[in-house]
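Taking it in order: structure first as structure tokens, then the write-up.
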Amino acid sequence: MVVDHDSGRLVWAAPGSDEATLTRFFDALGDDRAERIRLVSADAASWIANVVDARCPRAVQTMDPYHVTAWATKALDEVRRQTWNDARRAGQKAVAKQLKGARYALWKNPEDLTQRQASKLADIAVTNKRLYRAYLLN
């Protein structure tokens, strides 16, 4: 799928996730219009970057917001799970219990936190600097 990020409108779609499929889009678009493209956002698939490099030589390629958010959230959850497992292995039952229920507090936007989740996040800020830093980076 190709989407115009400014308007949010679908520009083109076809089955397939490979260079040949994306090349068909640029063939339909035409070389003149493709050369005017200045920004392309996509996931980290090399097949996308390869085609964009060849067909849009002046375009700056960036990561799309969806995938950046998904990767950051996954990394945050890995830190949370590792911290929880470390606490369990060290016999820190209270710390492990606090972290076990922290997943949604760490995932939500601050303005969407329940009072309980906000309190849990405030506790993490004081008691677990590594996990809180991962939260802030997310």
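Identifiers for the structure tokens are assigned positionally: chains receive A, B, ... in sequence, residues are indexed from 1 per chain, and ligands are indexed from 1 in the order shown.
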
Using only C-alpha atoms, which protein or nucleic acid residues come within 9 Å of Cys56 of chain A? Drop anything in the same chain fewer than 5 positions from it, and give the result as a ChimeraX atom specification. /A:31,34-38,40,51

Contacts of segment 109-116 of chain A at 12 Å or less, counting only C-alpha atoms, minus same-chain residues fewer than 5 places along, as a list in words?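 These residues fall inside the cut-off: Thr73, Gln98, Gly101, Ala102, Arg103, Tyr104, Leu121, Ala122, Asp123, Tyr135, Leu136 and Asn138 of chain A.
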
Keeping C-alpha atoms for every residue in the selection just given, could you write it to a file as a PDB file, in the first residue's frame?
ATOM      1  CA  THR A  73       6.913  -0.250  22.595  1.00  0.00           C
ATOM      2  CA  GLN A  98       4.915  -4.069  41.256  1.00  0.00           C
ATOM      3  CA  GLY A 101       0.967  -5.097  36.800  1.00  0.00           C
ATOM      4  CA  ALA A 102       2.844  -2.195  35.196  1.00  0.00           C
ATOM      5  CA  ARG A 103       2.503  -3.105  31.534  1.00  0.00           C
ATOM      6  CA  TYR A 104      -0.487  -0.913  30.685  1.00  0.00           C
ATOM      7  CA  LEU A 121       4.275   4.819  37.072  1.00  0.00           C
ATOM      8  CA  ALA A 122       5.282   7.313  39.778  1.00  0.00           C
ATOM      9  CA  ASP A 123       6.551   4.415  41.912  1.00  0.00           C
ATOM     10  CA  TYR A 135       9.486   4.506  29.405  1.00  0.00           C
ATOM     11  CA  LEU A 136      10.625   8.089  28.787  1.00  0.00           C
ATOM     12  CA  ASN A 138       9.286   5.432  24.335  1.00  0.00           C
TER      13      ASN A 138
END

Give me every strand (DSSP E or B) residue in segment 19-124 of chain A, going by DSSP on the backbone, as a ChimeraX atom specification. /A:39-42,60-63

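Here atom CA of Ala72 of chain A stands at a distance of 7.9 Å from atom CA of Leu137 of chain A.
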
Excluding same-chain residues fewer than 4 positions from segment 78-85 of chain A, what lies within 12 Å of it counting only C-alpha atoms, as an NGL selection string? :A and (71-74 or 89-107 or 124 or 127-135 or 137-138)

Could you please take those selected residues and save C-alpha atoms as a PDB file, in the first residue's frame?
ATOM      1  CA  TRP A  71       9.500  -1.000  17.852  1.00  0.00           C
ATOM      2  CA  ALA A  72       9.829   1.392  20.790  1.00  0.00           C
ATOM      3  CA  THR A  73       6.913  -0.250  22.595  1.00  0.00           C
ATOM      4  CA  LYS A  74       8.408  -3.690  22.016  1.00  0.00           C
ATOM      5  CA  ARG A  89      15.423 -14.347  40.376  1.00  0.00           C
ATOM      6  CA  ALA A  90      16.853 -12.084  43.082  1.00  0.00           C
ATOM      7  CA  GLY A  91      13.963 -12.916  45.413  1.00  0.00           C
ATOM      8  CA  GLN A  92      12.591  -9.345  45.311  1.00  0.00           C
ATOM      9  CA  LYS A  93       8.941 -10.351  45.466  1.00  0.00           C
ATOM     10  CA  ALA A  94       7.572  -6.848  46.102  1.00  0.00           C
ATOM     11  CA  VAL A  95       9.468  -5.398  43.129  1.00  0.00           C
ATOM     12  CA  ALA A  96       8.378  -8.262  40.893  1.00  0.00           C
ATOM     13  CA  LYS A  97       4.752  -7.809  41.968  1.00  0.00           C
ATOM     14  CA  GLN A  98       4.915  -4.069  41.256  1.00  0.00           C
ATOM     15  CA  LEU A  99       6.307  -4.680  37.759  1.00  0.00           C
ATOM     16  CA  LYS A 100       3.900  -7.503  36.937  1.00  0.00           C
ATOM     17  CA  GLY A 101       0.967  -5.097  36.800  1.00  0.00           C
ATOM     18  CA  ALA A 102       2.844  -2.195  35.196  1.00  0.00           C
ATOM     19  CA  ARG A 103       2.503  -3.105  31.534  1.00  0.00           C
ATOM     20  CA  TYR A 104      -0.487  -0.913  30.685  1.00  0.00           C
ATOM     21  CA  ALA A 105       0.765   1.981  32.801  1.00  0.00           C
ATOM     22  CA  LEU A 106       3.964   1.933  30.749  1.00  0.00           C
ATOM     23  CA  TRP A 107       2.140   1.622  27.423  1.00  0.00           C
ATOM     24  CA  ILE A 124       8.589   3.083  38.991  1.00  0.00           C
ATOM     25  CA  THR A 127      12.309   2.749  42.410  1.00  0.00           C
ATOM     26  CA  ASN A 128      13.455   1.633  38.963  1.00  0.00           C
ATOM     27  CA  LYS A 129      15.447   4.237  37.052  1.00  0.00           C
ATOM     28  CA  ARG A 130      16.342   1.887  34.168  1.00  0.00           C
ATOM     29  CA  LEU A 131      12.746   0.943  33.419  1.00  0.00           C
ATOM     30  CA  TYR A 132      11.553   4.538  33.843  1.00  0.00           C
ATOM     31  CA  ARG A 133      14.201   5.747  31.410  1.00  0.00           C
ATOM     32  CA  ALA A 134      13.018   3.151  28.875  1.00  0.00           C
ATOM     33  CA  TYR A 135       9.486   4.506  29.405  1.00  0.00           C
ATOM     34  CA  LEU A 137      12.466   7.058  25.618  1.00  0.00           C
ATOM     35  CA  ASN A 138       9.286   5.432  24.335  1.00  0.00           C
TER      36      ASN A 138
END

Name the residues of chain A that come out as alpha helix (DSSP H) in a backbone DSSP run; write them as a ChimeraX atom specification. /A:19-29,31-35,46-55,65-89,93-100,103-107,115-127,129-137

Export of the given selection (C-alpha atoms) as an mmCIF file, in the first residue's frame:
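again21.cif written:
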data_model
loop_
_atom_site.group_PDB
_atom_site.id
_atom_site.type_symbol
_atom_site.label_atom_id
_atom_site.label_comp_id
_atom_site.auth_asym_id
_atom_site.auth_seq_id
_atom_site.Cartn_x
_atom_site.Cartn_y
_atom_site.Cartn_z
ATOM 1 C CA GLU A 19 10.515 -5.128 -5.054
ATOM 2 C CA ALA A 20 8.502 -6.196 -8.089
ATOM 3 C CA THR A 21 5.248 -5.017 -6.507
ATOM 4 C CA LEU A 22 6.622 -1.616 -5.513
ATOM 5 C CA THR A 23 8.255 -1.247 -8.920
ATOM 6 C CA ARG A 24 4.789 -1.615 -10.469
ATOM 7 C CA PHE A 25 3.656 1.407 -8.442
ATOM 8 C CA PHE A 26 6.536 3.521 -9.725
ATOM 9 C CA ASP A 27 5.963 2.300 -13.279
ATOM 10 C CA ALA A 28 2.359 3.505 -13.011
ATOM 11 C CA LEU A 29 3.467 6.771 -11.417
ATOM 12 C CA ASP A 31 9.636 8.688 -13.855
ATOM 13 C CA ASP A 32 8.887 12.435 -13.904
ATOM 14 C CA ARG A 33 6.515 12.272 -10.953
ATOM 15 C CA ALA A 34 8.696 9.792 -9.056
ATOM 16 C CA GLU A 35 11.699 12.121 -9.316
ATOM 17 C CA SER A 46 15.316 -3.383 2.393
ATOM 18 C CA TRP A 47 13.158 -4.148 -0.638
ATOM 19 C CA ILE A 48 11.377 -0.812 -0.158
ATOM 20 C CA ALA A 49 14.627 1.112 0.291
ATOM 21 C CA ASN A 50 16.134 -0.509 -2.800
ATOM 22 C CA VAL A 51 13.241 0.506 -5.047
ATOM 23 C CA VAL A 52 12.985 4.015 -3.587
ATOM 24 C CA ASP A 53 16.746 4.521 -4.032
ATOM 25 C CA ALA A 54 16.437 3.550 -7.680
ATOM 26 C CA ARG A 55 13.207 5.365 -8.520
ATOM 27 C CA PRO A 65 5.496 6.534 12.703
ATOM 28 C CA TYR A 66 3.589 3.276 13.143
ATOM 29 C CA HIS A 67 6.699 1.095 13.020
ATOM 30 C CA VAL A 68 8.800 3.457 15.136
ATOM 31 C CA THR A 69 6.124 3.345 17.832
ATOM 32 C CA ALA A 70 5.740 -0.425 17.553
ATOM 33 C CA TRP A 71 9.500 -1.000 17.852
ATOM 34 C CA ALA A 72 9.829 1.392 20.790
ATOM 35 C CA THR A 73 6.913 -0.250 22.595
ATOM 36 C CA LYS A 74 8.408 -3.690 22.016
ATOM 37 C CA ALA A 75 11.776 -2.537 23.379
ATOM 38 C CA LEU A 76 10.091 -1.017 26.448
ATOM 39 C CA ASP A 77 8.231 -4.252 27.111
ATOM 40 C CA GLU A 78 11.469 -6.237 26.801
ATOM 41 C CA VAL A 79 13.067 -4.006 29.458
ATOM 42 C CA ARG A 80 9.977 -4.434 31.678
ATOM 43 C CA ARG A 81 10.028 -8.235 31.336
ATOM 44 C CA GLN A 82 13.793 -8.416 31.905
ATOM 45 C CA THR A 83 13.502 -6.210 35.002
ATOM 46 C CA TRP A 84 10.622 -8.342 36.298
ATOM 47 C CA ASN A 85 12.552 -11.577 35.710
ATOM 48 C CA ASP A 86 15.676 -10.142 37.366
ATOM 49 C CA ALA A 87 13.629 -9.154 40.425
ATOM 50 C CA ARG A 88 12.045 -12.613 40.656
ATOM 51 C CA ARG A 89 15.423 -14.347 40.376
ATOM 52 C CA LYS A 93 8.941 -10.351 45.466
ATOM 53 C CA ALA A 94 7.572 -6.848 46.102
ATOM 54 C CA VAL A 95 9.468 -5.398 43.129
ATOM 55 C CA ALA A 96 8.378 -8.262 40.893
ATOM 56 C CA LYS A 97 4.752 -7.809 41.968
ATOM 57 C CA GLN A 98 4.915 -4.069 41.256
ATOM 58 C CA LEU A 99 6.307 -4.680 37.759
ATOM 59 C CA LYS A 100 3.900 -7.503 36.937
ATOM 60 C CA ARG A 103 2.503 -3.105 31.534
ATOM 61 C CA TYR A 104 -0.487 -0.913 30.685
ATOM 62 C CA ALA A 105 0.765 1.981 32.801
ATOM 63 C CA LEU A 106 3.964 1.933 30.749
ATOM 64 C CA TRP A 107 2.140 1.622 27.423
ATOM 65 C CA GLN A 115 -5.200 6.998 38.968
ATOM 66 C CA ARG A 116 -3.858 3.537 39.835
ATOM 67 C CA GLN A 117 -1.678 3.434 36.713
ATOM 68 C CA ALA A 118 -0.345 6.945 37.349
ATOM 69 C CA SER A 119 0.583 5.900 40.873
ATOM 70 C CA LYS A 120 2.301 2.762 39.598
ATOM 71 C CA LEU A 121 4.275 4.819 37.072
ATOM 72 C CA ALA A 122 5.282 7.313 39.778
ATOM 73 C CA ASP A 123 6.551 4.415 41.912
ATOM 74 C CA ILE A 124 8.589 3.083 38.991
ATOM 75 C CA ALA A 125 10.101 6.549 38.454
ATOM 76 C CA VAL A 126 11.443 6.430 42.011
ATOM 77 C CA THR A 127 12.309 2.749 42.410
ATOM 78 C CA LYS A 129 15.447 4.237 37.052
ATOM 79 C CA ARG A 130 16.342 1.887 34.168
ATOM 80 C CA LEU A 131 12.746 0.943 33.419
ATOM 81 C CA TYR A 132 11.553 4.538 33.843
ATOM 82 C CA ARG A 133 14.201 5.747 31.410
ATOM 83 C CA ALA A 134 13.018 3.151 28.875
ATOM 84 C CA TYR A 135 9.486 4.506 29.405
ATOM 85 C CA LEU A 136 10.625 8.089 28.787
ATOM 86 C CA LEU A 137 12.466 7.058 25.618
#

For Met1 of chain A: contacts at 7 Å, only C-alpha atoms, fewer than 6 positions along chain excluded, given as a count of residues only: 3

Counting only C-alpha atoms, which of A:Leu39, A:Leu10, A:Val3, A:Ala44 gets nearest to Ala59 of chain A?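 Using only C-alpha atoms, the shortest distance to Ala59 of chain A belongs to A:Leu39.
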
Å distance separating atom CA of Pro57 of chain A from atom CA of Ser17 of chain A, one decimal place: 21.1 Å

Atomic separation - atom CA of Lys108 of chain A relative to atom CA of Ser7 of chain A, Å: 26.5 Å
